[in-house]
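Reproduced below: upload-v1.cif, with mmCIF, C-alpha atoms.
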data_query
loop_
_atom_site.label_atom_id
_atom_site.label_comp_id
_atom_site.auth_asym_id
_atom_site.auth_seq_id
_atom_site.Cartn_x
_atom_site.Cartn_y
_atom_site.Cartn_z
CA MET M 1 45.32 93.94 111.10
CA ILE M 2 45.02 95.55 107.67
CA THR M 3 42.61 93.60 105.48
CA GLU M 4 42.45 95.70 102.32
CA PRO M 5 45.26 96.80 99.98
CA PRO M 6 46.41 100.42 100.07
CA LYS M 7 44.53 102.83 97.84
CA ALA M 8 46.30 104.52 94.95
CA THR M 9 46.22 108.27 95.27
CA GLY M 10 47.23 110.94 92.81
CA THR M 11 47.89 110.68 89.12
CA ARG M 12 50.03 108.03 87.50
CA ARG M 13 52.73 110.65 86.97
CA GLU M 14 52.77 111.52 90.68
CA ARG M 15 52.90 107.86 91.67
CA SER M 16 55.72 107.15 89.24
CA MET M 17 57.74 110.03 90.71
CA ILE M 18 57.16 108.76 94.24
CA GLY M 19 58.13 105.23 93.19
CA ALA M 20 61.26 106.40 91.39
CA ALA M 21 62.32 108.50 94.39
CA ARG M 22 61.89 105.45 96.62
CA ILE M 23 63.93 103.29 94.25
CA VAL M 24 66.77 105.81 93.92
CA GLY M 25 66.75 106.52 97.66
CA CYS M 26 66.77 102.85 98.61
CA VAL M 27 69.49 101.84 96.14
CA VAL M 28 71.80 104.72 97.05
CA GLY M 29 71.07 104.34 100.78
CA PHE M 30 71.71 100.60 100.67
CA ALA M 31 74.96 101.06 98.74
CA GLY M 32 76.00 103.70 101.26
CA LEU M 33 75.13 101.50 104.23
CA ILE M 34 77.03 98.52 102.83
CA GLY M 35 79.90 100.85 102.00
CA LEU M 36 79.96 102.18 105.55
CA LEU M 37 79.93 98.70 107.02
CA ARG M 38 82.62 97.47 104.63
CA THR M 39 85.02 100.43 104.83
CA GLY M 40 84.46 101.20 108.52
CA SER M 41 86.69 103.87 109.95
CA THR M 42 89.82 102.66 108.18
CA GLY M 43 89.84 105.53 105.70
CA GLU M 44 90.68 103.08 102.93
CA THR M 45 88.80 102.73 99.68
CA LYS M 46 87.47 99.18 99.41
CA ASP M 47 85.72 97.02 96.89
CA VAL M 48 82.09 96.70 97.98
CA ALA M 49 80.13 94.21 95.88
CA THR M 50 82.13 95.23 92.78
CA LEU M 51 81.76 98.97 93.56
CA LEU M 52 84.89 100.87 94.52
CA VAL M 53 83.73 102.91 97.52
CA ALA M 54 85.63 105.44 99.64
CA PRO M 55 84.40 106.13 103.19
CA ALA M 56 83.37 109.69 102.26
CA THR M 57 81.44 108.34 99.27
CA ALA M 58 79.63 105.85 101.49
CA VAL M 59 78.58 108.58 103.92
CA VAL M 60 77.26 110.81 101.12
CA TRP M 61 75.36 107.92 99.54
CA PHE M 62 73.86 106.88 102.86
CA VAL M 63 72.68 110.42 103.68
CA LEU M 64 71.36 110.91 100.15
CA GLY M 65 69.43 107.64 100.43
CA LEU M 66 67.85 108.62 103.75
CA VAL M 67 66.85 112.01 102.34
CA GLY M 68 65.33 110.30 99.30
CA ILE M 69 63.30 107.89 101.39
CA ALA M 70 62.08 110.74 103.60
CA LEU M 71 61.08 112.93 100.63
CA SER M 72 59.30 110.15 98.72
CA VAL M 73 56.01 110.59 100.55
CA GLU M 74 54.62 113.34 98.33
CA ALA M 75 54.99 113.89 94.58
CA THR M 76 56.34 117.45 94.76
CA ARG M 77 58.95 116.50 97.33
CA ALA M 78 59.83 113.36 95.38
CA ARG M 79 60.31 115.45 92.22
CA PHE M 80 62.51 117.89 94.12
CA PHE M 81 64.64 114.97 95.33
CA LEU M 82 64.82 113.38 91.87
CA ILE M 83 66.05 116.62 90.32
CA GLY M 84 68.67 117.24 93.00
CA ALA M 85 69.86 113.65 93.31
CA GLY M 86 69.75 113.11 89.56
CA ALA M 87 71.89 116.17 88.90
CA LEU M 88 74.34 115.25 91.67
CA LEU M 89 74.71 111.60 90.67
CA THR M 90 75.01 112.37 86.96
CA LEU M 91 77.57 115.09 87.56
CA TRP M 92 79.48 112.83 89.97
CA GLY M 93 79.64 110.04 87.38
CA LEU M 94 80.67 112.36 84.54
CA VAL M 95 83.38 114.09 86.61
CA GLY M 96 84.73 110.69 87.62
CA LEU M 97 84.96 109.71 83.94
CA VAL M 98 86.51 112.99 82.78
CA THR M 99 89.09 113.22 85.57
CA GLN M 100 90.00 109.53 85.22
CA GLY M 101 89.56 108.96 88.95
CA ALA M 102 91.41 112.01 90.26
CA SER M 103 90.59 111.00 93.84
CA ASP M 104 88.98 108.18 95.77
CA VAL M 105 85.67 110.03 95.81
CA LEU M 106 85.78 110.76 92.07
CA THR M 107 86.52 107.20 91.03
CA ASN M 108 86.51 106.00 87.44
CA ASP M 109 85.61 102.45 88.47
CA PRO M 110 83.29 101.26 85.65
CA SER M 111 80.62 99.68 87.88
CA THR M 112 80.50 102.70 90.22
CA VAL M 113 80.29 105.16 87.33
CA ALA M 114 77.58 103.03 85.69
CA LEU M 115 75.54 103.01 88.91
CA LEU M 116 75.89 106.78 89.29
CA LEU M 117 74.95 107.50 85.68
CA VAL M 118 72.03 105.07 85.51
CA LEU M 119 70.49 106.36 88.75
CA GLY M 120 71.21 110.00 87.89
CA VAL M 121 69.93 109.97 84.33
CA GLY M 122 66.96 107.81 85.34
CA ALA M 123 66.03 110.19 88.14
CA LEU M 124 66.23 113.19 85.81
CA ALA M 125 64.20 111.39 83.14
CA VAL M 126 61.41 110.60 85.59
CA ALA M 127 61.46 114.12 87.05
CA PHE M 128 61.33 115.97 83.73
CA GLY M 129 59.88 113.54 81.21
CA PRO M 130 56.42 112.06 80.81
CA THR M 131 55.70 108.60 82.16
CA PRO M 132 55.94 106.25 79.16
CA ASP M 133 53.21 103.68 78.57
CA PHE M 134 55.60 100.74 79.01
CA VAL M 135 56.52 102.01 82.50
CA GLU M 136 52.86 102.23 83.47
CA LYS M 137 52.32 98.68 82.22
CA ALA M 138 55.45 97.37 83.92
CA LEU M 139 54.51 98.97 87.24
CA ALA M 140 50.82 98.10 86.73
CA LEU M 141 49.77 101.52 87.98
CA PRO M 142 46.00 101.60 88.35
CA ALA M 143 44.12 104.71 87.33
CA ALA M 144 42.84 106.93 90.14
CA ASP M 145 39.81 109.19 89.93
CA ALA M 146 40.22 112.96 90.00
CA ASP M 147 39.45 113.01 93.73
CA GLY M 148 42.28 110.53 94.37
CA THR M 149 40.16 107.43 95.03
CA GLU M 150 40.34 104.15 93.20
CA PRO M 151 37.51 103.31 90.84
CA GLY M 152 35.26 100.61 92.24
CA PRO M 153 33.97 97.52 90.44
CA GLU M 154 31.72 98.14 87.48
CA GLY M 155 28.44 99.65 88.59
CA ALA M 156 29.66 100.27 92.14
CA PRO M 157 30.54 103.73 93.40
CA PRO M 158 34.21 104.36 94.20
CA SER M 159 35.17 103.74 97.81
#
Mind turning this structure into structure tokens?
Amino acid sequence: MITEPPKATGTRRERSMIGAARIVGCVVGFAGLIGLLRTGSTGETKDVATLLVAPATAVVWFVLGLVGIALSVEATRARFFLIGAGALLTLWGLVGLVTQGASDVLTNDPSTVALLLVLGVGALAVAFGPTPDFVEKALALPAADADGTEPGPEGAPPS
């Protein structure tokens, strides 16, 4: 049985990238999984929790989510995923808006486009931008020493 909490490793920036990659991967993977279960093999686009999802879209989202979860174990891999997924999701949302839903995959459904744009732009912002102070406070990211260990209580050496 584990009796102590996990230790924070890496810088706050690295931990925020890993956390963001996990969030994007889990949200997209979950939406893809629910989409797969809802649409099945019917080939029909269906309304999934207010998102208009085609079967091909559900498969892409599910695979993208699994890749994101797998790559969110290290900061460099998480950043690579955030850049790729952010670009893909942002482009997907913008093309859906511009083409006015030219196909089932490129839907202009407002909630689907909003999800794609929020996740895509958010992923790109975390990958390329600095971690703002309010994000560090909201996530309560503790500071880690240069060697990757947590600082101990005052006067005690780090563990």
Take the point (55.7, 107.4, 92.8) as written in the file and pick out every residue within 10 Å of it, counting all atoms listed in the file; give the list as an NGL selection string.
:M and (9-23 or 72-75 or 78-79 or 126 or 141)
Apply the PyMOL selection byres ((chain M and resi 106) around 12) to the displayed file and report the matching residues as a list in words.
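Residues picked by the PyMOL selection byres ((chain M and resi 106) around 12): Thr45, Leu52, Val53, Ala54, Ala56, Thr57, Leu89, Leu91, Trp92, Gly93, Leu94, Val95, Gly96, Leu97, Val98, Thr99, Gln100, Gly101, Ala102, Ser103, Asp104, Val105, Thr107, Asn108, Asp109, Pro110, Thr112, Val113 and Leu116 of chain M.
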Just the number, please: distance in Å from atom CA of Val63 of chain M to atom CA of Val118 of chain M, one decimal.
19.0 Å
Between atom CA of Val27 of chain M and atom CA of Leu51 of chain M, what distance in Å does the model show, to one decimal?
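So the answer is 12.9 Å.
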Under the rule that only C-alpha atoms are counted, which of M:Val24, M:Ala114, M:Leu119, M:Ala31 is the nearest residue to Trp61 of chain M?
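Distance minimum relative to Trp61 of chain M lands on M:Ala31.
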Between atom CA of Gly120 of chain M and atom CA of Pro132 of chain M, what distance in Å does the model show, to one decimal?
18.0 Å
Choose the residue, out of M:Ala125, M:Leu64, M:Leu82, M:Val59, that has the smallest atom-to-atom separation from Arg38 of chain M; count only C-alpha atoms.
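Comparing M:Ala125, M:Leu64, M:Leu82, M:Val59 against Arg38 of chain M, the winner is M:Val59.
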At a cut-off of 8 Å, using all atoms listed in the file, what residues contact Leu124 of chain M? Leave out same-chain residues fewer than 4 positions from it and give the result as a PyMOL selection string.
chain M and resi 82-83+86-87+120+128-129
8 Å contact set for Phe30 of chain M, all atoms listed in the file, chain neighbours under 3 positions out, as a PyMOL selection string
chain M and resi 26-27+33-34+62+65
Where atoms are absent from segment 89-100 of chain M, fill them in so it carries all heavy atoms, then output it as a short mmCIF file (atom, residue, chain, number, x, y, z; two decimals), keeping the file's coordinate frame.
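Dumped everything to selection_25.cif:
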data_model
loop_
_atom_site.label_atom_id
_atom_site.label_comp_id
_atom_site.auth_asym_id
_atom_site.auth_seq_id
_atom_site.Cartn_x
_atom_site.Cartn_y
_atom_site.Cartn_z
N LEU M 89 74.18 112.90 91.06
CA LEU M 89 74.71 111.60 90.67
C LEU M 89 75.25 111.61 89.25
O LEU M 89 76.31 111.03 88.97
CB LEU M 89 73.65 110.52 90.85
CG LEU M 89 73.20 110.24 92.28
CD1 LEU M 89 72.02 109.28 92.30
CD2 LEU M 89 74.34 109.72 93.12
N THR M 90 74.54 112.28 88.34
CA THR M 90 75.01 112.37 86.96
C THR M 90 76.31 113.15 86.88
O THR M 90 77.27 112.72 86.22
CB THR M 90 73.94 113.02 86.06
OG1 THR M 90 72.74 112.26 86.15
CG2 THR M 90 74.38 113.08 84.61
N LEU M 91 76.36 114.28 87.55
CA LEU M 91 77.57 115.09 87.56
C LEU M 91 78.74 114.32 88.19
O LEU M 91 79.86 114.35 87.67
CB LEU M 91 77.32 116.40 88.32
CG LEU M 91 78.46 117.39 88.34
CD1 LEU M 91 78.74 117.90 86.93
CD2 LEU M 91 78.12 118.57 89.24
N TRP M 92 78.46 113.62 89.28
CA TRP M 92 79.48 112.83 89.97
C TRP M 92 80.06 111.76 89.04
O TRP M 92 81.27 111.56 88.96
CB TRP M 92 78.86 112.19 91.20
CG TRP M 92 79.79 111.65 92.23
CD1 TRP M 92 81.11 111.31 92.09
CD2 TRP M 92 79.46 111.37 93.59
NE1 TRP M 92 81.61 110.83 93.27
CE2 TRP M 92 80.61 110.87 94.21
CE3 TRP M 92 78.30 111.50 94.33
CZ2 TRP M 92 80.64 110.47 95.55
CZ3 TRP M 92 78.32 111.11 95.65
CH2 TRP M 92 79.47 110.62 96.26
N GLY M 93 79.19 111.07 88.32
CA GLY M 93 79.64 110.04 87.38
C GLY M 93 80.44 110.62 86.22
O GLY M 93 81.48 110.08 85.84
N LEU M 94 79.97 111.74 85.66
CA LEU M 94 80.67 112.36 84.54
C LEU M 94 82.03 112.92 84.96
O LEU M 94 83.02 112.77 84.24
CB LEU M 94 79.81 113.46 83.93
CG LEU M 94 78.57 112.99 83.17
CD1 LEU M 94 77.73 114.16 82.70
CD2 LEU M 94 78.97 112.11 81.99
N VAL M 95 82.10 113.55 86.12
CA VAL M 95 83.38 114.09 86.61
C VAL M 95 84.35 112.95 86.88
O VAL M 95 85.55 113.06 86.59
CB VAL M 95 83.17 114.98 87.86
CG1 VAL M 95 84.48 115.32 88.51
CG2 VAL M 95 82.41 116.23 87.48
N GLY M 96 83.87 111.84 87.41
CA GLY M 96 84.73 110.69 87.62
C GLY M 96 85.30 110.15 86.31
O GLY M 96 86.46 109.75 86.24
N LEU M 97 84.47 110.16 85.24
CA LEU M 97 84.96 109.71 83.94
C LEU M 97 85.97 110.68 83.35
O LEU M 97 87.01 110.28 82.85
CB LEU M 97 83.78 109.57 82.96
CG LEU M 97 82.96 108.30 83.04
CD1 LEU M 97 81.80 108.36 82.07
CD2 LEU M 97 83.80 107.09 82.75
N VAL M 98 85.66 111.98 83.40
CA VAL M 98 86.51 112.99 82.78
C VAL M 98 87.85 113.10 83.49
O VAL M 98 88.89 113.22 82.86
CB VAL M 98 85.78 114.36 82.75
CG1 VAL M 98 86.71 115.48 82.34
CG2 VAL M 98 84.59 114.29 81.82
N THR M 99 87.85 113.06 84.82
CA THR M 99 89.09 113.22 85.57
C THR M 99 89.87 111.92 85.68
O THR M 99 90.96 111.91 86.26
CB THR M 99 88.82 113.75 86.98
OG1 THR M 99 88.00 112.81 87.69
CG2 THR M 99 88.15 115.11 86.95
N GLN M 100 89.35 110.84 85.15
CA GLN M 100 90.00 109.53 85.22
C GLN M 100 90.33 109.12 86.65
O GLN M 100 91.40 108.60 86.94
CB GLN M 100 91.27 109.52 84.36
CG GLN M 100 91.00 109.66 82.88
CD GLN M 100 90.19 108.50 82.34
OE1 GLN M 100 90.49 107.35 82.62
NE2 GLN M 100 89.17 108.79 81.57
#
